[in-house]
>>> print(open('protein_0.txt').read())   # compact mmCIF, C-alpha atoms
# COMPACT_ATOMS: atom_id res chain seq x y z
CA MET P 33 -0.66 -3.45 -9.20
CA ALA P 34 -1.15 -7.14 -8.45
CA THR P 35 -4.59 -8.49 -9.08
CA GLN P 36 -6.04 -11.91 -8.50
CA SER P 37 -7.53 -13.14 -11.74
CA GLU P 38 -11.25 -12.58 -11.67
CA THR P 39 -11.76 -15.44 -14.05
CA ALA P 40 -11.33 -17.67 -11.00
CA VAL P 41 -14.19 -16.00 -9.15
CA LYS P 42 -17.39 -18.03 -9.19
CA VAL P 43 -20.93 -17.05 -8.30
CA GLY P 44 -21.72 -18.54 -4.92
CA GLN P 45 -18.09 -18.56 -3.85
CA ALA P 46 -17.54 -17.55 -0.25
CA LEU P 47 -15.27 -14.63 0.48
CA PRO P 48 -12.49 -15.19 2.99
CA SER P 49 -14.27 -14.74 6.30
CA HIS P 50 -12.88 -13.15 9.44
CA VAL P 51 -13.55 -13.10 13.15
CA LYS P 52 -12.99 -9.71 14.77
CA ASP P 53 -12.68 -9.12 18.48
CA VAL P 54 -13.64 -5.51 18.86
CA SER P 55 -11.74 -4.49 21.96
CA GLN P 56 -11.89 -1.11 23.61
CA ARG P 57 -8.20 -0.72 22.87
CA ARG P 58 -8.74 -1.16 19.13
CA ILE P 59 -11.66 1.28 19.23
CA ASP P 60 -9.44 3.78 21.03
CA VAL P 61 -6.72 3.44 18.41
CA TYR P 62 -9.24 3.84 15.59
CA SER P 63 -11.27 6.71 17.00
CA GLY P 64 -8.98 8.37 19.50
CA VAL P 65 -9.76 8.89 23.17
CA ARG P 66 -11.89 11.84 24.20
CA PRO P 67 -14.17 12.67 27.08
CA ARG P 68 -17.87 12.79 26.24
CA SER P 69 -17.40 10.37 23.38
CA ILE P 70 -19.62 7.33 22.89
CA HIS P 71 -16.52 5.52 21.58
CA SER P 72 -14.16 6.04 24.48
CA ASP P 73 -16.10 7.30 27.51
CA GLU P 74 -18.14 4.42 28.91
CA ASP P 75 -20.09 6.55 31.37
CA TRP P 76 -21.03 8.91 28.58
CA ALA P 77 -22.06 6.04 26.32
CA ARG P 78 -24.34 4.68 29.05
CA GLN P 79 -25.84 8.11 29.58
CA LYS P 80 -26.73 8.06 25.89
CA GLY P 81 -28.54 4.77 26.27
CA PHE P 82 -25.88 2.34 25.10
CA ARG P 83 -24.70 -0.55 27.25
CA ALA P 84 -21.01 0.05 26.48
CA CYS P 85 -18.76 2.10 24.24
CA LEU P 86 -19.53 1.74 20.56
CA ALA P 87 -17.19 0.95 17.71
CA GLN P 88 -17.20 3.40 14.85
CA GLY P 89 -19.23 2.20 11.88
CA MET P 90 -16.17 2.85 9.77
CA MET P 91 -14.48 -0.12 11.39
CA SER P 92 -17.14 -2.36 9.82
CA THR P 93 -16.54 -0.85 6.39
CA ALA P 94 -12.84 -1.61 6.81
CA TYR P 95 -13.66 -5.27 7.53
CA VAL P 96 -15.62 -5.59 4.30
CA SER P 97 -12.92 -3.79 2.32
CA GLN P 98 -10.38 -6.23 3.74
CA MET P 99 -12.44 -9.19 2.47
CA MET P 100 -12.70 -7.66 -0.98
CA VAL P 101 -8.97 -7.00 -1.22
CA GLU P 102 -8.31 -10.60 -0.24
CA LEU P 103 -10.69 -11.87 -2.90
CA LEU P 104 -9.86 -9.56 -5.76
CA GLY P 105 -6.45 -8.15 -5.02
CA LEU P 106 -5.26 -4.63 -4.55
CA SER P 107 -7.02 -3.34 -7.61
CA PHE P 108 -10.17 -3.21 -5.48
CA ALA P 109 -8.67 0.14 -4.51
CA ARG P 110 -8.95 1.21 -8.16
CA GLY P 111 -12.48 0.76 -9.38
CA GLY P 112 -14.06 -1.02 -6.42
CA THR P 113 -17.26 0.16 -4.79
CA MET P 114 -18.95 -0.55 -1.49
CA SER P 115 -22.47 0.14 -0.32
CA MET P 116 -23.09 -0.47 3.37
CA ALA P 117 -26.21 -0.42 5.49
CA PHE P 118 -25.77 -0.29 9.25
CA ILE P 119 -28.30 -2.26 11.24
CA LYS P 120 -27.22 -2.33 14.86
CA PRO P 121 -24.44 -0.88 16.96
CA VAL P 122 -21.21 -2.78 17.58
CA TYR P 123 -20.02 -2.62 21.18
CA ALA P 124 -16.61 -2.87 22.78
CA GLY P 125 -16.14 -6.53 23.64
CA ASP P 126 -18.25 -7.85 20.78
CA ARG P 127 -16.93 -10.61 18.62
CA LEU P 128 -17.95 -10.25 14.99
CA THR P 129 -17.95 -12.64 12.10
CA VAL P 130 -17.48 -11.06 8.71
CA ARG P 131 -18.73 -13.10 5.77
CA GLY P 132 -19.45 -12.56 2.14
CA VAL P 133 -20.45 -14.41 -0.99
CA VAL P 134 -20.11 -13.66 -4.70
CA LYS P 135 -23.65 -12.92 -5.79
CA ASP P 136 -23.18 -12.08 -9.42
CA ARG P 137 -20.73 -11.72 -12.25
CA GLN P 138 -21.52 -9.56 -15.20
CA ARG P 139 -19.67 -9.02 -18.40
CA ARG P 140 -20.15 -5.67 -19.98
CA THR P 141 -18.69 -3.95 -22.98
CA ALA P 142 -15.52 -1.92 -22.62
CA PRO P 143 -14.47 0.20 -20.84
CA ARG P 144 -16.38 -1.33 -17.97
CA GLY P 145 -15.19 -4.87 -18.51
CA SER P 146 -16.53 -7.52 -16.18
CA TRP P 147 -17.91 -7.00 -12.71
CA SER P 148 -17.97 -9.19 -9.69
CA ARG P 149 -20.68 -8.26 -7.21
CA CYS P 150 -20.38 -9.59 -3.69
CA GLY P 151 -22.83 -9.53 -0.84
CA SER P 152 -21.47 -9.34 2.65
CA ARG P 153 -22.81 -9.51 6.16
CA ILE P 154 -21.28 -8.76 9.52
CA SER P 155 -22.84 -10.47 12.49
CA THR P 156 -22.29 -10.57 16.20
CA ALA P 157 -21.14 -14.04 17.10
CA ARG P 158 -21.68 -13.75 20.83
CA ARG P 159 -22.58 -11.31 23.48
CA PRO P 160 -19.79 -10.28 25.82
CA PRO P 161 -20.35 -11.83 29.25
CA SER P 162 -19.69 -8.60 31.13
CA ALA P 163 -22.17 -6.52 29.23
CA THR P 164 -25.32 -6.66 31.30
CA PRO P 165 -27.37 -3.61 30.46
CA PRO P 166 -29.17 -1.74 33.19
CA ALA P 167 -32.94 -2.20 33.17
CA SER P 168 -33.39 1.40 32.11
CA CYS P 169 -30.99 1.08 29.22
CA PRO P 170 -32.53 0.35 25.82
CA ASP P 171 -30.51 -2.53 24.47
CA ARG P 172 -31.28 -3.54 20.96
CA THR P 173 -28.38 -5.88 20.46
CA ARG P 174 -28.89 -8.57 23.06
CA ALA P 175 -29.46 -11.27 20.49
CA SER P 176 -26.79 -12.28 18.05
CA GLY P 177 -27.51 -11.14 14.55
CA PRO P 178 -26.43 -8.94 11.69
CA VAL P 179 -24.94 -5.56 12.46
CA ALA P 180 -24.14 -4.47 8.92
CA ALA P 181 -24.72 -5.62 5.38
CA GLY P 182 -23.22 -4.49 2.16
CA LEU P 183 -22.63 -4.93 -1.52
CA SER P 184 -19.21 -4.53 -3.05
CA ARG P 185 -18.05 -4.85 -6.59
CA ARG P 186 -15.09 -4.30 -8.79
CA HIS P 187 -14.63 -4.30 -12.52
CA ALA P 188 -11.76 -5.94 -14.33
CA GLY P 189 -11.67 -3.55 -17.24
CA LYS P 190 -8.25 -2.14 -16.47
CA MET T 239 -0.29 44.69 12.20
CA ALA T 240 -1.74 41.23 11.71
CA ALA T 241 -4.53 40.89 9.17
CA THR T 242 -8.02 40.36 10.53
CA ARG T 243 -9.17 36.76 10.05
CA THR T 244 -12.68 35.44 10.12
CA LEU T 245 -13.06 32.70 12.72
CA THR T 246 -15.30 29.75 11.97
CA PRO T 247 -18.61 30.06 13.82
CA PHE T 248 -19.76 26.69 15.11
CA LYS T 249 -23.47 25.95 15.35
CA LYS T 250 -25.20 23.11 17.12
CA LEU T 251 -26.15 20.51 14.51
CA THR T 252 -29.90 20.21 14.12
CA LEU T 253 -32.07 19.50 11.11
CA ASP T 254 -33.21 23.12 11.09
CA ALA T 255 -29.70 24.55 11.28
CA LEU T 256 -28.39 22.34 8.51
CA GLN T 257 -28.56 23.80 5.00
CA VAL T 258 -28.88 21.64 1.89
CA GLY T 259 -26.15 22.78 -0.49
CA GLU T 260 -23.81 23.68 2.33
CA GLU T 261 -20.20 22.77 1.56
CA PHE T 262 -17.41 21.47 3.76
CA VAL T 263 -13.70 21.07 3.30
CA SER T 264 -11.28 19.20 5.54
CA ASP T 265 -7.75 20.09 6.46
CA GLU T 266 -5.01 18.47 4.42
CA THR T 267 -3.59 15.24 5.83
CA LEU T 268 -0.21 13.71 5.05
CA VAL T 269 -0.52 9.93 4.74
CA ILE T 270 2.17 8.58 7.05
CA PRO T 271 3.26 5.01 7.79
CA GLY T 272 2.48 5.28 11.49
CA ASP T 273 -1.16 6.08 10.85
CA ILE T 274 -1.47 3.15 8.46
CA GLU T 275 0.04 0.86 11.10
CA ALA T 276 -2.43 2.15 13.67
CA HIS T 277 -5.36 1.65 11.29
CA SER T 278 -4.24 -1.89 10.50
CA TYR T 279 -3.97 -2.70 14.20
CA ALA T 280 -7.37 -1.23 14.97
CA VAL T 281 -9.23 -3.27 12.35
CA GLU T 282 -6.97 -6.36 12.50
CA ASP T 283 -5.87 -6.03 8.89
CA ASP T 284 -2.60 -7.90 8.31
CA HIS T 285 -2.23 -7.00 4.64
CA PRO T 286 1.32 -5.65 4.02
CA TRP T 287 0.13 -2.19 3.01
CA LEU T 288 3.38 -0.43 3.87
CA VAL T 289 5.45 -2.87 1.82
CA GLU T 290 3.34 -1.84 -1.14
CA GLY T 291 3.47 1.84 -0.24
CA LEU T 292 -0.30 1.97 -0.06
CA ALA T 293 -3.05 2.67 2.44
CA PRO T 294 -6.20 0.54 2.81
CA PRO T 295 -9.08 1.80 0.64
CA THR T 296 -11.13 3.09 3.59
CA PHE T 297 -8.12 4.68 5.29
CA MET T 298 -9.32 8.28 4.82
CA ALA T 299 -12.99 7.57 5.52
CA ASN T 300 -12.90 9.40 8.83
CA GLN T 301 -11.77 12.55 7.09
CA ALA T 302 -14.99 12.47 5.08
CA LEU T 303 -17.06 11.48 8.06
CA HIS T 304 -15.85 14.40 10.12
CA LEU T 305 -16.53 17.04 7.50
CA ARG T 306 -19.59 18.31 9.30
CA HIS T 307 -17.52 18.85 12.44
CA SER T 308 -15.78 21.68 10.58
CA LYS T 309 -18.91 23.82 10.91
CA TYR T 310 -21.12 22.22 13.52
CA ILE T 311 -21.00 21.02 17.07
CA VAL T 312 -22.05 17.42 16.62
CA HIS T 313 -23.59 15.90 19.70
CA ALA T 314 -23.41 12.38 18.28
CA GLY T 315 -24.19 10.64 15.02
CA LEU T 316 -25.24 7.25 13.81
CA HIS T 317 -24.62 5.83 10.37
CA ALA T 318 -27.49 4.61 8.30
CA ARG T 319 -25.91 4.04 4.89
CA MET T 320 -22.55 4.61 3.29
CA GLU T 321 -21.31 4.40 -0.31
CA PHE T 322 -17.70 4.29 -1.45
CA ASN T 323 -16.28 4.49 -4.95
CA PHE T 324 -12.55 3.82 -4.83
CA VAL T 325 -11.08 5.59 -7.84
CA GLU T 326 -7.33 5.55 -7.22
CA PRO T 327 -5.27 3.99 -4.42
CA ILE T 328 -4.18 6.16 -1.52
CA ARG T 329 -0.39 6.10 -1.31
CA VAL T 330 2.03 6.72 1.51
CA GLY T 331 3.35 10.29 1.31
CA MET T 332 0.27 11.72 -0.37
CA ARG T 333 -1.34 14.85 0.98
CA VAL T 334 -5.08 14.37 0.83
CA ARG T 335 -8.10 16.49 1.48
CA THR T 336 -11.84 15.82 1.41
CA ARG T 337 -14.56 18.13 0.16
CA GLY T 338 -18.22 17.52 0.76
CA LYS T 339 -21.69 18.93 0.24
CA VAL T 340 -25.00 18.37 1.99
CA ILE T 341 -27.33 17.07 -0.71
CA ASP T 342 -30.41 16.18 1.32
CA LYS T 343 -31.96 16.28 4.76
CA TYR T 344 -35.18 14.66 5.89
CA GLU T 345 -37.09 13.08 8.74
CA ARG T 346 -38.06 9.43 8.75
CA ARG T 347 -40.06 7.89 11.57
CA GLY T 348 -39.47 11.03 13.53
CA LYS T 349 -35.68 10.84 13.22
CA PRO T 350 -33.62 13.51 11.45
CA TYR T 351 -31.17 12.45 8.73
CA MET T 352 -28.62 14.23 6.57
CA VAL T 353 -27.05 13.05 3.32
CA THR T 354 -23.57 14.23 2.33
CA GLU T 355 -21.65 13.51 -0.84
CA TYR T 356 -17.90 13.80 -0.74
CA VAL T 357 -14.73 13.46 -2.75
CA THR T 358 -11.26 12.79 -1.39
CA GLU T 359 -8.40 13.99 -3.58
CA ASP T 360 -4.65 14.46 -3.49
CA ASP T 361 -2.90 17.82 -3.62
CA THR T 362 -2.94 17.83 -7.42
CA GLY T 363 -6.71 17.48 -7.44
CA ARG T 364 -6.69 13.84 -8.54
CA ILE T 365 -9.75 12.06 -7.20
CA LEU T 366 -8.99 9.09 -4.95
CA VAL T 367 -12.36 8.24 -3.41
CA ARG T 368 -15.84 9.59 -3.87
CA GLY T 369 -18.93 8.61 -2.02
CA GLN T 370 -22.00 9.46 -0.05
CA PHE T 371 -23.14 8.85 3.47
CA THR T 372 -26.44 9.10 5.30
CA GLN T 373 -26.21 9.93 8.98
CA MET T 374 -28.83 10.25 11.64
CA ILE T 375 -28.58 13.34 13.78
CA ILE T 376 -29.13 12.08 17.31
CA PRO T 377 -31.41 14.25 19.40
CA GLU T 378 -29.51 14.92 22.61
CA PRO T 379 -31.46 12.82 25.13
CA GLU T 380 -31.63 9.55 23.25
CA ALA T 381 -29.85 6.96 21.18
CA ALA T 382 -31.12 4.63 18.51
CA ASP T 383 -30.30 1.79 16.17
CA GLY T 384 -27.50 2.37 13.72
CA HIS T 385 -23.79 2.75 13.96
CA ALA T 386 -21.99 5.43 15.78
CA GLU T 387 -19.55 7.62 13.96
>>> encode(input="protein_0.txt", output="structure tokens")
Amino acid sequence: MATQSETAVKVGQALPSHVKDVSQRRIDVYSGVRPRSIHSDEDWARQKGFRACLAQGMMSTAYVSQMMVELLGLSFARGGTMSMAFIKPVYAGDRLTVRGVVKDRQRRTAPRGSWSRCGSRISTARRPPSATPPASCPDRTRASGPVAAGLSRRHAGK
Amino acid sequence: MAATRTLTPFKKLTLDALQVGEEFVSDETLVIPGDIEAHSYAVEDDHPWLVEGLAPPTFMANQALHLRHSKYIVHAGLHARMEFNFVEPIRVGMRVRTRGKVIDKYERRGKPYMVTEYVTEDDTGRILVRGQFTQMIIPEPEAADGHAE
């Protein structure tokens, strides 16, 4: 399995960042379309207090995994780990920026080999212009800011 | 005469109904190219997974996430935390299944949470992914911070 050499990874190095336009169509493909779903039924989502349909949190984990594969190669799928904390909902129409930085490298004795630990953050880059929440709707995501944060790592022992 | 089968009783998911130690198992899923293409489209991942005969590491995450739906009627859920340990790559053509167990439940700031550990494996029992996720059980009339399932 191809692997980018981890010897080239430096602490402080930025991971390849991405901009994601989270459209309703992509949410539908990811989650499926069902009535009474906060992902695909906008009326239902509003009834539940959200200003629009929500993206599944799993989509955010996929974004971080994608960054790690680009940095470290496919062997992230063999020995990689991810720890994610979810901060705010992601709505249909949001544009996200996905960023990460190498926070640490550690060399350990075999069989663990060396580890690269990366911090990542997903933030809303803008608010969709059409998403004006009703006054009665609790909206905790009006300001741009982080929606998820995580730590990922992979060892090079194999 | 057909044998009598026990049908799965579904309960409404509440903190009281949930039992720590309760186990779940998913149906088996065949990893097919079309589903990988759909996943890649949904998350805008242009890596040539199919050329390599592989699936993205988080490809089967929804199978783990939906474990509790096999026994409960889940009104809605929000993610709080999620851990993944990718052990072996998921390959096209594999048949995979996820098993899970409720390892904790608690209330924090008046909100109910459940913690599930899970393992995803192929049909030979080889472990592909293991992990743990913490989900908030949304009381029916409200929503809160976090990520939806």
>>> interface_residues(input="protein_0.txt", of="chain T", to="chain P", cutoff="10 Å", atoms="only C-alpha atoms", output="PyMOL selection string")
chain T and resi 273+276-285+287+290+292-297+299-300+303+313-328+366-372+376+378-387
>>> atom_distance(input="protein_0.txt", atom1="atom CA of Glu266 of chain T", atom2="atom CA of Arg333 of chain T")
6.2 Å
>>> residues_near_point(input="protein_0.txt", point="(-21.4, -19.4, 6.3)", cutoff="9 Å", atoms="only C-alpha atoms", output="list in words")
Ala46, Ser49, Arg131, Gly132 and Val133 of chain P
>>> closest_residue(input="protein_0.txt", among="P:Lys135, P:Arg66, P:Arg127, P:Arg149", to="Leu104 of chain P", atoms="all atoms listed in the file")
P:Arg149
>>> closest_residue(input="protein_0.txt", among="T:Asp254, T:Leu305, T:Lys249, T:Glu261", to="Ile341 of chain T", atoms="only C-alpha atoms")
T:Glu261
>>> atom_distance(input="protein_0.txt", atom1="atom CA of Phe248 of chain T", atom2="atom CA of Phe262 of chain T")
12.7 Å
>>> atom_distance(input="protein_0.txt", atom1="atom CA of Glu359 of chain T", atom2="atom CA of Gly291 of chain T")
17.3 Å
>>> residues_around(input="protein_0.txt", residues="Gly331 of chain T", least_positions_apart="3", cutoff="9 Å", atoms="all atoms listed in the file", output="PDB file with C-alpha atoms, keeping the file's coordinate frame")
ATOM      1  CA  LEU T 268      -0.210  13.710   5.050  1.00  0.00           C
ATOM      2  CA  VAL T 269      -0.520   9.930   4.740  1.00  0.00           C
ATOM      3  CA  ILE T 270       2.170   8.580   7.050  1.00  0.00           C
ATOM      4  CA  PRO T 271       3.260   5.010   7.790  1.00  0.00           C
ATOM      5  CA  GLY T 291       3.470   1.840  -0.240  1.00  0.00           C
TER       6      GLY T 291
END
>>> closest_residue(input="protein_0.txt", among="T:Arg329, T:Arg337, T:His304, T:Arg243", to="Glu260 of chain T", atoms="only C-alpha atoms")
T:Arg337
>>> build_atoms(input="protein_0.txt", residues="segment 91-106 of chain P", atoms="N, CA and C atoms", output="PDB file, keeping the file's coordinate frame")
ATOM      1  N   MET P  91     -15.262   1.096  11.179  1.00  0.00           N
ATOM      2  CA  MET P  91     -14.480  -0.120  11.390  1.00  0.00           C
ATOM      3  C   MET P  91     -15.132  -1.277  10.616  1.00  0.00           C
ATOM      4  N   SER P  92     -16.454  -1.304  10.574  1.00  0.00           N
ATOM      5  CA  SER P  92     -17.140  -2.360   9.820  1.00  0.00           C
ATOM      6  C   SER P  92     -16.877  -2.239   8.323  1.00  0.00           C
ATOM      7  N   THR P  93     -16.823  -1.006   7.828  1.00  0.00           N
ATOM      8  CA  THR P  93     -16.540  -0.850   6.390  1.00  0.00           C
ATOM      9  C   THR P  93     -15.122  -1.343   6.085  1.00  0.00           C
ATOM     10  N   ALA P  94     -14.210  -1.139   7.023  1.00  0.00           N
ATOM     11  CA  ALA P  94     -12.840  -1.610   6.810  1.00  0.00           C
ATOM     12  C   ALA P  94     -12.795  -3.142   6.756  1.00  0.00           C
ATOM     13  N   TYR P  95     -13.641  -3.806   7.554  1.00  0.00           N
ATOM     14  CA  TYR P  95     -13.660  -5.270   7.530  1.00  0.00           C
ATOM     15  C   TYR P  95     -14.104  -5.785   6.148  1.00  0.00           C
ATOM     16  N   VAL P  96     -15.113  -5.151   5.606  1.00  0.00           N
ATOM     17  CA  VAL P  96     -15.620  -5.590   4.300  1.00  0.00           C
ATOM     18  C   VAL P  96     -14.585  -5.296   3.208  1.00  0.00           C
ATOM     19  N   SER P  97     -13.969  -4.127   3.283  1.00  0.00           N
ATOM     20  CA  SER P  97     -12.920  -3.790   2.320  1.00  0.00           C
ATOM     21  C   SER P  97     -11.788  -4.813   2.375  1.00  0.00           C
ATOM     22  N   GLN P  98     -11.443  -5.236   3.565  1.00  0.00           N
ATOM     23  CA  GLN P  98     -10.380  -6.230   3.740  1.00  0.00           C
ATOM     24  C   GLN P  98     -10.737  -7.536   3.019  1.00  0.00           C
ATOM     25  N   MET P  99     -11.993  -7.961   3.157  1.00  0.00           N
ATOM     26  CA  MET P  99     -12.440  -9.190   2.470  1.00  0.00           C
ATOM     27  C   MET P  99     -12.329  -9.040   0.964  1.00  0.00           C
ATOM     28  N   MET P 100     -12.714  -7.871   0.467  1.00  0.00           N
ATOM     29  CA  MET P 100     -12.700  -7.660  -0.980  1.00  0.00           C
ATOM     30  C   MET P 100     -11.277  -7.632  -1.528  1.00  0.00           C
ATOM     31  N   VAL P 101     -10.377  -7.024  -0.784  1.00  0.00           N
ATOM     32  CA  VAL P 101      -8.970  -7.000  -1.220  1.00  0.00           C
ATOM     33  C   VAL P 101      -8.417  -8.428  -1.241  1.00  0.00           C
ATOM     34  N   GLU P 102      -8.803  -9.230  -0.264  1.00  0.00           N
ATOM     35  CA  GLU P 102      -8.310 -10.600  -0.240  1.00  0.00           C
ATOM     36  C   GLU P 102      -8.865 -11.420  -1.400  1.00  0.00           C
ATOM     37  N   LEU P 103     -10.091 -11.130  -1.789  1.00  0.00           N
ATOM     38  CA  LEU P 103     -10.690 -11.870  -2.900  1.00  0.00           C
ATOM     39  C   LEU P 103     -10.160 -11.400  -4.246  1.00  0.00           C
ATOM     40  N   LEU P 104     -10.078 -10.107  -4.426  1.00  0.00           N
ATOM     41  CA  LEU P 104      -9.860  -9.560  -5.760  1.00  0.00           C
ATOM     42  C   LEU P 104      -8.498  -8.905  -5.955  1.00  0.00           C
ATOM     43  N   GLY P 105      -7.751  -8.788  -4.884  1.00  0.00           N
ATOM     44  CA  GLY P 105      -6.450  -8.150  -5.020  1.00  0.00           C
ATOM     45  C   GLY P 105      -6.520  -6.662  -4.775  1.00  0.00           C
ATOM     46  N   LEU P 106      -5.357  -6.047  -4.881  1.00  0.00           N
ATOM     47  CA  LEU P 106      -5.260  -4.630  -4.550  1.00  0.00           C
ATOM     48  C   LEU P 106      -6.008  -3.729  -5.507  1.00  0.00           C
TER      49      LEU P 106
END
